Amino acid sequence: MQTNGQDTENGKGMPDINADENMSGTTHLNDALADESELDKKQQELNEIRDKYLRLVAEFDNFKKRTAKERIELMQTANKEVIISLLDVLDDSERASKQIENATDINAVKDGVALVFNKLKSTLQAKGLKPMESLHTEFNPDLHDAITEIPAPSEELKGKVIDDMQKGYYLNDKLIRHAKVIVGK
């Protein structure tokens, strides 16, 4: 007897749960094996990702150490090129000092000192040093250190630099020393 397409073998109108005779009872065993192999694959993939992550962290740590070491070495030898170029000026200064001791002609001594000074100046300028032009310019506290104020000799020099006590300098267009100046009031 059937009611609405349901199997009524048990006589109560309820379908029989075990009525499917075509289905094997061992199919659930195959599902467990598939789940285990999939779990193994996921575990292996996780291990590979973890290994890649650890390698990247180690590589980045080595990079940081290497760049820190290079930075320290660069700082220690940064002035090497400038010092080497100034050694010629130092040699010239030593020769001039020896000549001054035995010199009788003051004009020759002046010329020698001027040559050494010009060589020093040109060497520093070749390395990017540039003197600041402050005289008769508007006082700028970003560029100048005012030592004192004196009465301006003329009305147009009020608030302007009257005298340079110590020159200011730029290195590659960056201020490295403020000019010490006297300002007119």
# chains A, B, ... in the order shown; residues from 1 in each chain; ligands from 1
>>> select_by_dssp(residues="segment 46-157 of chain A", states="alpha helix (DSSP H)", output="JSON, numbers by chain")
{"A": [46, 47, 48, 49, 50, 51, 52, 53, 54, 55, 56, 57, 58, 59, 60, 61, 62, 63, 64, 65, 66, 67, 68, 69, 70, 71, 72, 73, 74, 75, 76, 77, 80, 81, 82, 83, 84, 85, 86, 87, 88, 89, 90, 91, 92, 93, 94, 95, 96, 97, 98, 99, 100, 101, 102, 106, 107, 108, 109, 110, 111, 112, 113, 114, 115, 116, 117, 118, 119, 120, 121, 122, 123, 124, 125, 126]}
>>> write_last_selection(atoms="C-alpha atoms", output="PDB file, in the first residue's frame")
ATOM      1  CA  LEU A  46      49.620  25.785   5.852  1.00  0.00           C
ATOM      2  CA  ASN A  47      53.144  24.522   6.530  1.00  0.00           C
ATOM      3  CA  GLU A  48      54.351  25.882   3.172  1.00  0.00           C
ATOM      4  CA  ILE A  49      52.805  29.287   3.863  1.00  0.00           C
ATOM      5  CA  ARG A  50      54.319  29.340   7.366  1.00  0.00           C
ATOM      6  CA  ASP A  51      57.737  28.456   5.901  1.00  0.00           C
ATOM      7  CA  LYS A  52      57.470  31.249   3.307  1.00  0.00           C
ATOM      8  CA  TYR A  53      56.470  33.708   6.035  1.00  0.00           C
ATOM      9  CA  LEU A  54      59.412  32.748   8.256  1.00  0.00           C
ATOM     10  CA  ARG A  55      61.814  33.070   5.332  1.00  0.00           C
ATOM     11  CA  LEU A  56      60.448  36.518   4.465  1.00  0.00           C
ATOM     12  CA  VAL A  57      60.754  37.684   8.066  1.00  0.00           C
ATOM     13  CA  ALA A  58      64.344  36.427   8.231  1.00  0.00           C
ATOM     14  CA  GLU A  59      65.180  38.048   4.898  1.00  0.00           C
ATOM     15  CA  PHE A  60      63.711  41.378   6.032  1.00  0.00           C
ATOM     16  CA  ASP A  61      65.626  41.189   9.316  1.00  0.00           C
ATOM     17  CA  ASN A  62      68.859  40.573   7.393  1.00  0.00           C
ATOM     18  CA  PHE A  63      68.028  43.520   5.120  1.00  0.00           C
ATOM     19  CA  LYS A  64      67.547  45.835   8.125  1.00  0.00           C
ATOM     20  CA  LYS A  65      70.855  44.713   9.658  1.00  0.00           C
ATOM     21  CA  ARG A  66      72.705  45.123   6.363  1.00  0.00           C
ATOM     22  CA  THR A  67      71.340  48.634   5.709  1.00  0.00           C
ATOM     23  CA  ALA A  68      72.119  49.719   9.284  1.00  0.00           C
ATOM     24  CA  LYS A  69      75.698  48.499   8.862  1.00  0.00           C
ATOM     25  CA  GLU A  70      76.007  50.279   5.488  1.00  0.00           C
ATOM     26  CA  ARG A  71      74.626  53.484   6.998  1.00  0.00           C
ATOM     27  CA  ILE A  72      77.213  53.396   9.800  1.00  0.00           C
ATOM     28  CA  GLU A  73      80.018  52.791   7.303  1.00  0.00           C
ATOM     29  CA  LEU A  74      78.743  55.634   5.129  1.00  0.00           C
ATOM     30  CA  MET A  75      78.685  58.038   8.070  1.00  0.00           C
ATOM     31  CA  GLN A  76      82.218  57.095   9.034  1.00  0.00           C
ATOM     32  CA  THR A  77      83.571  57.698   5.533  1.00  0.00           C
ATOM     33  CA  LYS A  80      86.627  61.172   3.243  1.00  0.00           C
ATOM     34  CA  GLU A  81      86.347  62.848  -0.159  1.00  0.00           C
ATOM     35  CA  VAL A  82      86.372  66.357   1.319  1.00  0.00           C
ATOM     36  CA  ILE A  83      89.298  65.567   3.621  1.00  0.00           C
ATOM     37  CA  ILE A  84      91.318  64.097   0.740  1.00  0.00           C
ATOM     38  CA  SER A  85      90.738  67.229  -1.346  1.00  0.00           C
ATOM     39  CA  LEU A  86      91.799  69.431   1.583  1.00  0.00           C
ATOM     40  CA  LEU A  87      95.064  67.539   2.039  1.00  0.00           C
ATOM     41  CA  ASP A  88      96.525  69.447  -0.929  1.00  0.00           C
ATOM     42  CA  VAL A  89      95.662  72.719   0.795  1.00  0.00           C
ATOM     43  CA  LEU A  90      97.245  71.444   4.016  1.00  0.00           C
ATOM     44  CA  ASP A  91     100.439  70.545   2.129  1.00  0.00           C
ATOM     45  CA  ASP A  92     100.513  74.019   0.549  1.00  0.00           C
ATOM     46  CA  SER A  93      99.975  75.601   3.990  1.00  0.00           C
ATOM     47  CA  GLU A  94     102.920  73.668   5.437  1.00  0.00           C
ATOM     48  CA  ARG A  95     105.176  74.751   2.548  1.00  0.00           C
ATOM     49  CA  ALA A  96     104.046  78.363   2.986  1.00  0.00           C
ATOM     50  CA  SER A  97     104.752  78.177   6.725  1.00  0.00           C
ATOM     51  CA  LYS A  98     108.334  77.026   6.028  1.00  0.00           C
ATOM     52  CA  GLN A  99     108.812  79.810   3.484  1.00  0.00           C
ATOM     53  CA  ILE A 100     107.521  82.466   5.901  1.00  0.00           C
ATOM     54  CA  GLU A 101     110.247  81.583   8.423  1.00  0.00           C
ATOM     55  CA  ASN A 102     113.047  82.281   5.917  1.00  0.00           C
ATOM     56  CA  ILE A 106     106.826  90.560   2.552  1.00  0.00           C
ATOM     57  CA  ASN A 107     105.127  90.757  -0.867  1.00  0.00           C
ATOM     58  CA  ALA A 108     106.182  87.165  -1.704  1.00  0.00           C
ATOM     59  CA  VAL A 109     104.744  85.999   1.630  1.00  0.00           C
ATOM     60  CA  LYS A 110     101.466  87.817   0.934  1.00  0.00           C
ATOM     61  CA  ASP A 111     101.234  86.283  -2.524  1.00  0.00           C
ATOM     62  CA  GLY A 112     101.905  82.790  -1.127  1.00  0.00           C
ATOM     63  CA  VAL A 113      99.257  83.119   1.574  1.00  0.00           C
ATOM     64  CA  ALA A 114      96.768  84.477  -0.985  1.00  0.00           C
ATOM     65  CA  LEU A 115      97.447  81.478  -3.257  1.00  0.00           C
ATOM     66  CA  VAL A 116      96.838  79.024  -0.411  1.00  0.00           C
ATOM     67  CA  PHE A 117      93.658  80.857   0.619  1.00  0.00           C
ATOM     68  CA  ASN A 118      92.330  80.893  -2.955  1.00  0.00           C
ATOM     69  CA  LYS A 119      93.064  77.181  -3.336  1.00  0.00           C
ATOM     70  CA  LEU A 120      91.175  76.424  -0.100  1.00  0.00           C
ATOM     71  CA  LYS A 121      88.255  78.579  -1.196  1.00  0.00           C
ATOM     72  CA  SER A 122      88.031  77.002  -4.651  1.00  0.00           C
ATOM     73  CA  THR A 123      88.313  73.468  -3.221  1.00  0.00           C
ATOM     74  CA  LEU A 124      85.425  74.095  -0.825  1.00  0.00           C
ATOM     75  CA  GLN A 125      83.331  75.719  -3.547  1.00  0.00           C
ATOM     76  CA  ALA A 126      83.921  72.693  -5.771  1.00  0.00           C
TER      77      ALA A 126
END
>>> residues_around(residues="Asp164 of chain A", least_positions_apart="5", cutoff="8 Å", atoms="only C-alpha atoms", output="PyMOL selection string")
chain A and resi 134-135+179-182
>>> closest_residue(among="A:Ile176, A:Glu138, A:Gly168, A:Lys127", to="Asn79 of chain A", atoms="only C-alpha atoms")
A:Lys127
>>> closest_residue(among="A:Glu133, A:Glu149, A:Ser154, A:Ile162", to="His178 of chain A", atoms="only C-alpha atoms")
A:Glu133
>>> atom_distance(atom1="atom CA of Arg177 of chain A", atom2="atom CA of Pro151 of chain A")
26.0 Å
>>> select_by_dssp(residues="segment 30-163 of chain A", states="strand (DSSP E)", output="count of residues only")
13
>>> residues_around(residues="Pro153 of chain A", least_positions_apart="6", cutoff="12 Å", atoms="only C-alpha atoms", output="list in words")
His136, Gly159, Lys160, Val161, Ile162, Asp163, Val183, Gly184 and Lys185 of chain A
>>> decode(residues="segment 34-51 of chain A", atoms="N, CA and C atoms", output="mmCIF file, in the first residue's frame")
data_model
loop_
_atom_site.group_PDB
_atom_site.id
_atom_site.type_symbol
_atom_site.label_atom_id
_atom_site.label_comp_id
_atom_site.auth_asym_id
_atom_site.auth_seq_id
_atom_site.Cartn_x
_atom_site.Cartn_y
_atom_site.Cartn_z
ATOM 1 N N ALA A 34 38.299 10.808 2.250
ATOM 2 C CA ALA A 34 38.420 12.022 1.455
ATOM 3 C C ALA A 34 38.659 13.216 2.362
ATOM 4 N N ASP A 35 37.994 13.283 3.486
ATOM 5 C CA ASP A 35 38.174 14.389 4.429
ATOM 6 C C ASP A 35 39.578 14.385 5.007
ATOM 7 N N GLU A 36 40.106 13.206 5.297
ATOM 8 C CA GLU A 36 41.453 13.131 5.865
ATOM 9 C C GLU A 36 42.503 13.573 4.858
ATOM 10 N N SER A 37 42.363 13.163 3.590
ATOM 11 C CA SER A 37 43.349 13.572 2.587
ATOM 12 C C SER A 37 43.249 15.074 2.328
ATOM 13 N N GLU A 38 42.052 15.611 2.358
ATOM 14 C CA GLU A 38 41.879 17.052 2.192
ATOM 15 C C GLU A 38 42.483 17.796 3.378
ATOM 16 N N LEU A 39 42.340 17.270 4.568
ATOM 17 C CA LEU A 39 42.929 17.855 5.765
ATOM 18 C C LEU A 39 44.453 17.830 5.680
ATOM 19 N N ASP A 40 44.996 16.730 5.178
ATOM 20 C CA ASP A 40 46.448 16.637 4.996
ATOM 21 C C ASP A 40 46.940 17.686 3.992
ATOM 22 N N LYS A 41 46.192 17.871 2.904
ATOM 23 C CA LYS A 41 46.562 18.873 1.907
ATOM 24 C C LYS A 41 46.553 20.271 2.521
ATOM 25 N N LYS A 42 45.536 20.564 3.288
ATOM 26 C CA LYS A 42 45.435 21.886 3.927
ATOM 27 C C LYS A 42 46.572 22.086 4.936
ATOM 28 N N GLN A 43 46.895 21.032 5.660
ATOM 29 C CA GLN A 43 47.986 21.122 6.636
ATOM 30 C C GLN A 43 49.320 21.352 5.922
ATOM 31 N N GLN A 44 49.531 20.683 4.813
ATOM 32 C CA GLN A 44 50.758 20.846 4.042
ATOM 33 C C GLN A 44 50.828 22.271 3.463
ATOM 34 N N GLU A 45 49.710 22.766 2.967
ATOM 35 C CA GLU A 45 49.649 24.121 2.432
ATOM 36 C C GLU A 45 49.932 25.144 3.532
ATOM 37 N N LEU A 46 49.368 24.903 4.707
ATOM 38 C CA LEU A 46 49.620 25.785 5.852
ATOM 39 C C LEU A 46 51.097 25.788 6.226
ATOM 40 N N ASN A 47 51.715 24.618 6.216
ATOM 41 C CA ASN A 47 53.144 24.522 6.530
ATOM 42 C C ASN A 47 53.994 25.264 5.505
ATOM 43 N N GLU A 48 53.622 25.170 4.220
ATOM 44 C CA GLU A 48 54.351 25.882 3.172
ATOM 45 C C GLU A 48 54.228 27.394 3.356
ATOM 46 N N ILE A 49 53.025 27.854 3.656
ATOM 47 C CA ILE A 49 52.805 29.287 3.863
ATOM 48 C C ILE A 49 53.584 29.769 5.081
ATOM 49 N N ARG A 50 53.577 28.994 6.156
ATOM 50 C CA ARG A 50 54.319 29.340 7.366
ATOM 51 C C ARG A 50 55.827 29.415 7.067
ATOM 52 N N ASP A 51 56.327 28.476 6.269
ATOM 53 C CA ASP A 51 57.737 28.456 5.901
ATOM 54 C C ASP A 51 58.096 29.704 5.082
#
